[in-house]
Amino acid sequence: MAYIEPAPIKDKENPLESMMERFNLAAQKLGLSEEVYNVLKNPAKQVIVSLPITMDNGKIKVFEGIRVIHSNILGPAKGGIRFAPDVHLDEVRALAAWMTWKCAVVDIPYGGGKGGVRCNPREMSAGEIERLVRAYTLAMIDVFGPDKDIPAPDMGTGPREMAWLMDEYSKAHGMTVNAVVTGKPLVLGGSLGRTEATGRGVMVTALAAMQKLKINPFQATCAVQGFGNVGSWAAQLLEERGLKVVSISDISGAYYNSNGINIQEAIAYRDGNKGTLEGYQGAEKLSNPMELLELEVDVLVPAAVEDVITIGNADKIKAKLIVEGANGPTSAKADAILNEKGIMAVPDILANAGGVTVSYFEWVQNRLGYKWTAERVNRRSDRIMKDAFDHVYQAAVKYDVPMRIAAYIVAIDKVAKTYTFRGGF
Ligand code: NAD
């Protein structure tokens, strides 16, 4: 019998509600009218589809697919596709809004979107996943488009899935349309520099913040939580800029070396060790991995999962600067404690926007039919990230608010002004 899997109920503090709390605060500071507030709060389009897929055992199973366009005021929607067992509409709506603010903060001509399919890709064969991606693409054929809505990878999807999406979309249109999706393999029009882009943006905004705080990178220490794409690139690039990375962590635990960890060596170890730091000998293992967050360091980079800095530990944080590589690592309630302690937090929607910035470059290159060098990609994304940091910093001074609220102010102001110029019905 065909069926749709029910979504499990989440019981932990919700980072997306935390995001809305900050949105509301920024809207208030900005004096946003109620009309515009309501326009920005509600998603522009929500599509839910049923996707019947023939599984390897010959049986048909129906999956639920969602795509939400939160806003297309600044341009086509941009946002990833999540394949996970707990995907549900509320979450996708919030993640789509998150993308609107992120794109607006770095001033790229995109709105925000997000998609998801409720499934467990770990329990599916490559063939089943391919059929699901293709079915989802066809079901969304009128939603997606290089000028309408441009998906990308998110949890549970990667370059392989984006290649199938691009192929299916292209077949349906009778021509190659690689600008319909980003995060593609390089040979299909992916961009050089995309892999390191998010970690690189973390590095650029961290250095800009250190300059404001008068922290000399060559005398600064740093701890990085999460050693995947974002964390390991951020650690490596910060180390290259002179910081001593004294602690790193991943799902296997946290590792500490007061003399500094050799990041290249740690990456090589991870790559030869099934992707984890388990058993890493270049540092001592901390008894509790959460200790990493409370170390006496200058810079703390949470780059693993959401909701790790909470009212439970915010008062124990000793770093002078937090740069959020992950999405939603700090709860709204923890914000107040960090502010009181005078800790600057470069918020996620600014600090990790290097990824979507280079995705934008991928789309630009696809539309130009041209390939940029890694050097050009890095130079341009560094400039965008630095400009965005300066812009947010100026707003923080002008409105006398923390960097996080300032980032929301910059984003909301941009979308609201554009909306007002474009006019409603
Ligand atoms: P990833 O899967 O490559 O790496 C995640 C890392 O975190 C792994 O090292 C994993 O072992 C570790 N980890 C998982 N749970 C942990 C825990 N409880 N404590 C410590 N470490 C833990 O993922 P990623 O692409 O690096 O993404 C990390 C975060 O950055 C996510 O919040 C993601 O949404 C955000 N982000 C990623 C990008 C991007 O371009 N990859 C862009 C923007 C935001």
# chains A, B, ... in the order shown; residues from 1 in each chain; ligands from 1
>>> closest_atom_pairs(of="chain A", to="ligand 1", cutoff="8 Å", atoms="only C-alpha atoms and all ligand atoms", output="JSON lines")
{"residue": "A:Asp154", "atom": "CA", "partner": "ligand 1", "partner_atom_place_in_ligand_line": "34 (O)", "distance": 7.5}
{"residue": "A:Met155", "atom": "CA", "partner": "ligand 1", "partner_atom_place_in_ligand_line": "34 (O)", "distance": 7.6}
{"residue": "A:Arg194", "atom": "CA", "partner": "ligand 1", "partner_atom_place_in_ligand_line": "40 (O)", "distance": 7.7}
{"residue": "A:Thr195", "atom": "CA", "partner": "ligand 1", "partner_atom_place_in_ligand_line": "40 (O)", "distance": 7.0}
{"residue": "A:Glu196", "atom": "CA", "partner": "ligand 1", "partner_atom_place_in_ligand_line": "40 (O)", "distance": 7.8}
{"residue": "A:Ala197", "atom": "CA", "partner": "ligand 1", "partner_atom_place_in_ligand_line": "40 (O)", "distance": 6.8}
{"residue": "A:Thr198", "atom": "CA", "partner": "ligand 1", "partner_atom_place_in_ligand_line": "40 (O)", "distance": 4.9}
{"residue": "A:Gly199", "atom": "CA", "partner": "ligand 1", "partner_atom_place_in_ligand_line": "40 (O)", "distance": 7.7}
{"residue": "A:Gln225", "atom": "CA", "partner": "ligand 1", "partner_atom_place_in_ligand_line": "20 (C)", "distance": 5.5}
{"residue": "A:Gly226", "atom": "CA", "partner": "ligand 1", "partner_atom_place_in_ligand_line": "7 (O)", "distance": 3.7}
{"residue": "A:Phe227", "atom": "CA", "partner": "ligand 1", "partner_atom_place_in_ligand_line": "9 (O)", "distance": 3.6}
{"residue": "A:Gly228", "atom": "CA", "partner": "ligand 1", "partner_atom_place_in_ligand_line": "4 (O)", "distance": 3.2}
{"residue": "A:Asn229", "atom": "CA", "partner": "ligand 1", "partner_atom_place_in_ligand_line": "26 (O)", "distance": 3.7}
{"residue": "A:Val230", "atom": "CA", "partner": "ligand 1", "partner_atom_place_in_ligand_line": "26 (O)", "distance": 3.8}
{"residue": "A:Gly231", "atom": "CA", "partner": "ligand 1", "partner_atom_place_in_ligand_line": "26 (O)", "distance": 5.7}
{"residue": "A:Ser232", "atom": "CA", "partner": "ligand 1", "partner_atom_place_in_ligand_line": "26 (O)", "distance": 7.7}
{"residue": "A:Ser249", "atom": "CA", "partner": "ligand 1", "partner_atom_place_in_ligand_line": "20 (C)", "distance": 5.4}
{"residue": "A:Asp250", "atom": "CA", "partner": "ligand 1", "partner_atom_place_in_ligand_line": "21 (N)", "distance": 3.5}
{"residue": "A:Ile251", "atom": "CA", "partner": "ligand 1", "partner_atom_place_in_ligand_line": "11 (O)", "distance": 3.8}
{"residue": "A:Ser252", "atom": "CA", "partner": "ligand 1", "partner_atom_place_in_ligand_line": "11 (O)", "distance": 6.7}
{"residue": "A:Gly253", "atom": "CA", "partner": "ligand 1", "partner_atom_place_in_ligand_line": "20 (C)", "distance": 6.7}
{"residue": "A:Ala254", "atom": "CA", "partner": "ligand 1", "partner_atom_place_in_ligand_line": "20 (C)", "distance": 7.3}
{"residue": "A:Gly275", "atom": "CA", "partner": "ligand 1", "partner_atom_place_in_ligand_line": "9 (O)", "distance": 7.8}
{"residue": "A:Thr276", "atom": "CA", "partner": "ligand 1", "partner_atom_place_in_ligand_line": "11 (O)", "distance": 6.5}
{"residue": "A:Pro289", "atom": "CA", "partner": "ligand 1", "partner_atom_place_in_ligand_line": "19 (N)", "distance": 6.9}
{"residue": "A:Met290", "atom": "CA", "partner": "ligand 1", "partner_atom_place_in_ligand_line": "19 (N)", "distance": 7.4}
{"residue": "A:Ala303", "atom": "CA", "partner": "ligand 1", "partner_atom_place_in_ligand_line": "29 (C)", "distance": 4.9}
{"residue": "A:Ala304", "atom": "CA", "partner": "ligand 1", "partner_atom_place_in_ligand_line": "7 (O)", "distance": 3.7}
{"residue": "A:Val305", "atom": "CA", "partner": "ligand 1", "partner_atom_place_in_ligand_line": "32 (O)", "distance": 4.6}
{"residue": "A:Glu306", "atom": "CA", "partner": "ligand 1", "partner_atom_place_in_ligand_line": "32 (O)", "distance": 5.9}
{"residue": "A:Gly325", "atom": "CA", "partner": "ligand 1", "partner_atom_place_in_ligand_line": "30 (O)", "distance": 5.3}
{"residue": "A:Ala326", "atom": "CA", "partner": "ligand 1", "partner_atom_place_in_ligand_line": "30 (O)", "distance": 3.5}
{"residue": "A:Asn327", "atom": "CA", "partner": "ligand 1", "partner_atom_place_in_ligand_line": "32 (O)", "distance": 4.2}
{"residue": "A:Gly328", "atom": "CA", "partner": "ligand 1", "partner_atom_place_in_ligand_line": "32 (O)", "distance": 7.0}
{"residue": "A:Pro329", "atom": "CA", "partner": "ligand 1", "partner_atom_place_in_ligand_line": "32 (O)", "distance": 7.4}
{"residue": "A:Asp348", "atom": "CA", "partner": "ligand 1", "partner_atom_place_in_ligand_line": "44 (C)", "distance": 7.5}
{"residue": "A:Asn352", "atom": "CA", "partner": "ligand 1", "partner_atom_place_in_ligand_line": "43 (C)", "distance": 4.8}
{"residue": "A:Ala353", "atom": "CA", "partner": "ligand 1", "partner_atom_place_in_ligand_line": "43 (C)", "distance": 6.2}
{"residue": "A:Gly354", "atom": "CA", "partner": "ligand 1", "partner_atom_place_in_ligand_line": "42 (C)", "distance": 7.3}
{"residue": "A:Gly355", "atom": "CA", "partner": "ligand 1", "partner_atom_place_in_ligand_line": "40 (O)", "distance": 4.6}
{"residue": "A:Val356", "atom": "CA", "partner": "ligand 1", "partner_atom_place_in_ligand_line": "42 (C)", "distance": 7.0}
>>> residues_around(residues="A:Val106", least_positions_apart="6", cutoff="12 Å", atoms="only C-alpha atoms", output="ChimeraX atom specification")
/A:74,99-100,201,205,348-358,360,380-392,407-408,410-411,414
>>> atom_distance(atom1="atom CA of A:Leu165", atom2="atom CA of A:Gly79")
14.0 Å
>>> residues_around(residues="A:Leu213", least_positions_apart="3", cutoff="9 Å", atoms="only C-alpha atoms", output="list in words")
Ala208, Ala209, Met210, Asn216, Lys320, Leu321 and Met344 of chain A
>>> write_last_selection(atoms="N, CA, C and O atoms", output="tab-separated table (two decimals), in the first residue's frame")
chain	number	residue	atom	x	y	z
A	208	ALA	N	37.59	40.77	9.91
A	208	ALA	CA	37.02	42.13	9.94
A	208	ALA	C	36.58	42.47	11.36
A	208	ALA	O	36.80	43.59	11.85
A	209	ALA	N	35.97	41.50	12.04
A	209	ALA	CA	35.51	41.74	13.42
A	209	ALA	C	36.70	41.91	14.36
A	209	ALA	O	36.68	42.76	15.26
A	210	MET	N	37.75	41.12	14.15
A	210	MET	CA	38.94	41.22	15.00
A	210	MET	C	39.58	42.60	14.88
A	210	MET	O	40.09	43.15	15.85
A	216	ASN	N	44.81	41.18	17.55
A	216	ASN	CA	45.84	40.88	16.55
A	216	ASN	C	45.78	39.39	16.20
A	216	ASN	O	45.98	38.54	17.06
A	320	LYS	N	36.07	36.35	23.04
A	320	LYS	CA	35.70	37.76	22.85
A	320	LYS	C	34.82	37.91	21.62
A	320	LYS	O	34.09	38.88	21.47
A	321	LEU	N	34.96	36.93	20.74
A	321	LEU	CA	34.26	37.02	19.45
A	321	LEU	C	33.71	35.64	19.07
A	321	LEU	O	34.43	34.65	19.16
A	344	MET	N	31.10	39.95	21.08
A	344	MET	CA	30.53	40.23	19.76
A	344	MET	C	30.21	38.91	19.06
A	344	MET	O	31.04	38.01	19.04
>>> residues_around(residues="A:Trp363", least_positions_apart="2", cutoff="12 Å", atoms="only C-alpha atoms", output="count of residues only")
39
>>> closest_residue(among="A:Ile248, A:Ile48, A:Cys119, A:Val202", to="A:Ile267", atoms="only C-alpha atoms")
A:Ile248
>>> closest_residue(among="A:Ala97, A:Leu286, A:Ala27, A:Leu132", to="A:Val49", atoms="only C-alpha atoms")
A:Leu132
>>> closest_residue(among="A:Ala336, A:Glu64, A:Leu293, A:Val323", to="A:Ile311", atoms="only C-alpha atoms")
A:Ala336
>>> residues_around(residues="stretch 12-23 of chain A", least_positions_apart="3", cutoff="6 Å", atoms="only C-alpha atoms", output="ChimeraX atom specification")
/A:26,328,331-332
>>> residues_around(residues="A:Pro52", least_positions_apart="2", cutoff="8 Å", atoms="only C-alpha atoms", output="count of residues only")
7
>>> select_by_dssp(residues="stretch 246-365 of chain A", states="alpha helix (DSSP H)", output="ChimeraX atom specification")
/A:263-271,332-340,348-351,354-365
>>> select_by_dssp(residues="stretch 88-316 of chain A", states="strand (DSSP E)", output="PyMOL selection string")
chain A and resi 111-118+149-153+221-225+244-250+253-256+284-285+299-302
>>> residues_around(residues="A:Gly424", least_positions_apart="3", cutoff="10 Å", atoms="only C-alpha atoms", output="PDB file with N, CA, C and O atoms, in the first residue's frame")
ATOM      1  N   VAL A  36       3.869  46.241   5.575  1.00  0.00           N
ATOM      2  CA  VAL A  36       5.086  45.642   5.004  1.00  0.00           C
ATOM      3  C   VAL A  36       5.537  44.457   5.867  1.00  0.00           C
ATOM      4  O   VAL A  36       5.972  43.421   5.352  1.00  0.00           O
ATOM      5  N   VAL A  39       3.687  41.521   4.748  1.00  0.00           N
ATOM      6  CA  VAL A  39       4.156  41.032   3.442  1.00  0.00           C
ATOM      7  C   VAL A  39       5.412  40.186   3.649  1.00  0.00           C
ATOM      8  O   VAL A  39       5.553  39.098   3.088  1.00  0.00           O
ATOM      9  N   TYR A 419      10.493  46.349  -1.989  1.00  0.00           N
ATOM     10  CA  TYR A 419       9.060  46.073  -2.105  1.00  0.00           C
ATOM     11  C   TYR A 419       8.287  47.378  -2.320  1.00  0.00           C
ATOM     12  O   TYR A 419       7.410  47.477  -3.175  1.00  0.00           O
ATOM     13  N   THR A 420       8.648  48.385  -1.534  1.00  0.00           N
ATOM     14  CA  THR A 420       7.931  49.658  -1.614  1.00  0.00           C
ATOM     15  C   THR A 420       8.112  50.286  -2.998  1.00  0.00           C
ATOM     16  O   THR A 420       7.158  50.803  -3.585  1.00  0.00           O
ATOM     17  N   PHE A 421       9.335  50.204  -3.538  1.00  0.00           N
ATOM     18  CA  PHE A 421       9.569  50.754  -4.881  1.00  0.00           C
ATOM     19  C   PHE A 421       8.788  49.991  -5.946  1.00  0.00           C
ATOM     20  O   PHE A 421       8.244  50.567  -6.876  1.00  0.00           O
TER      21      PHE A 421
END
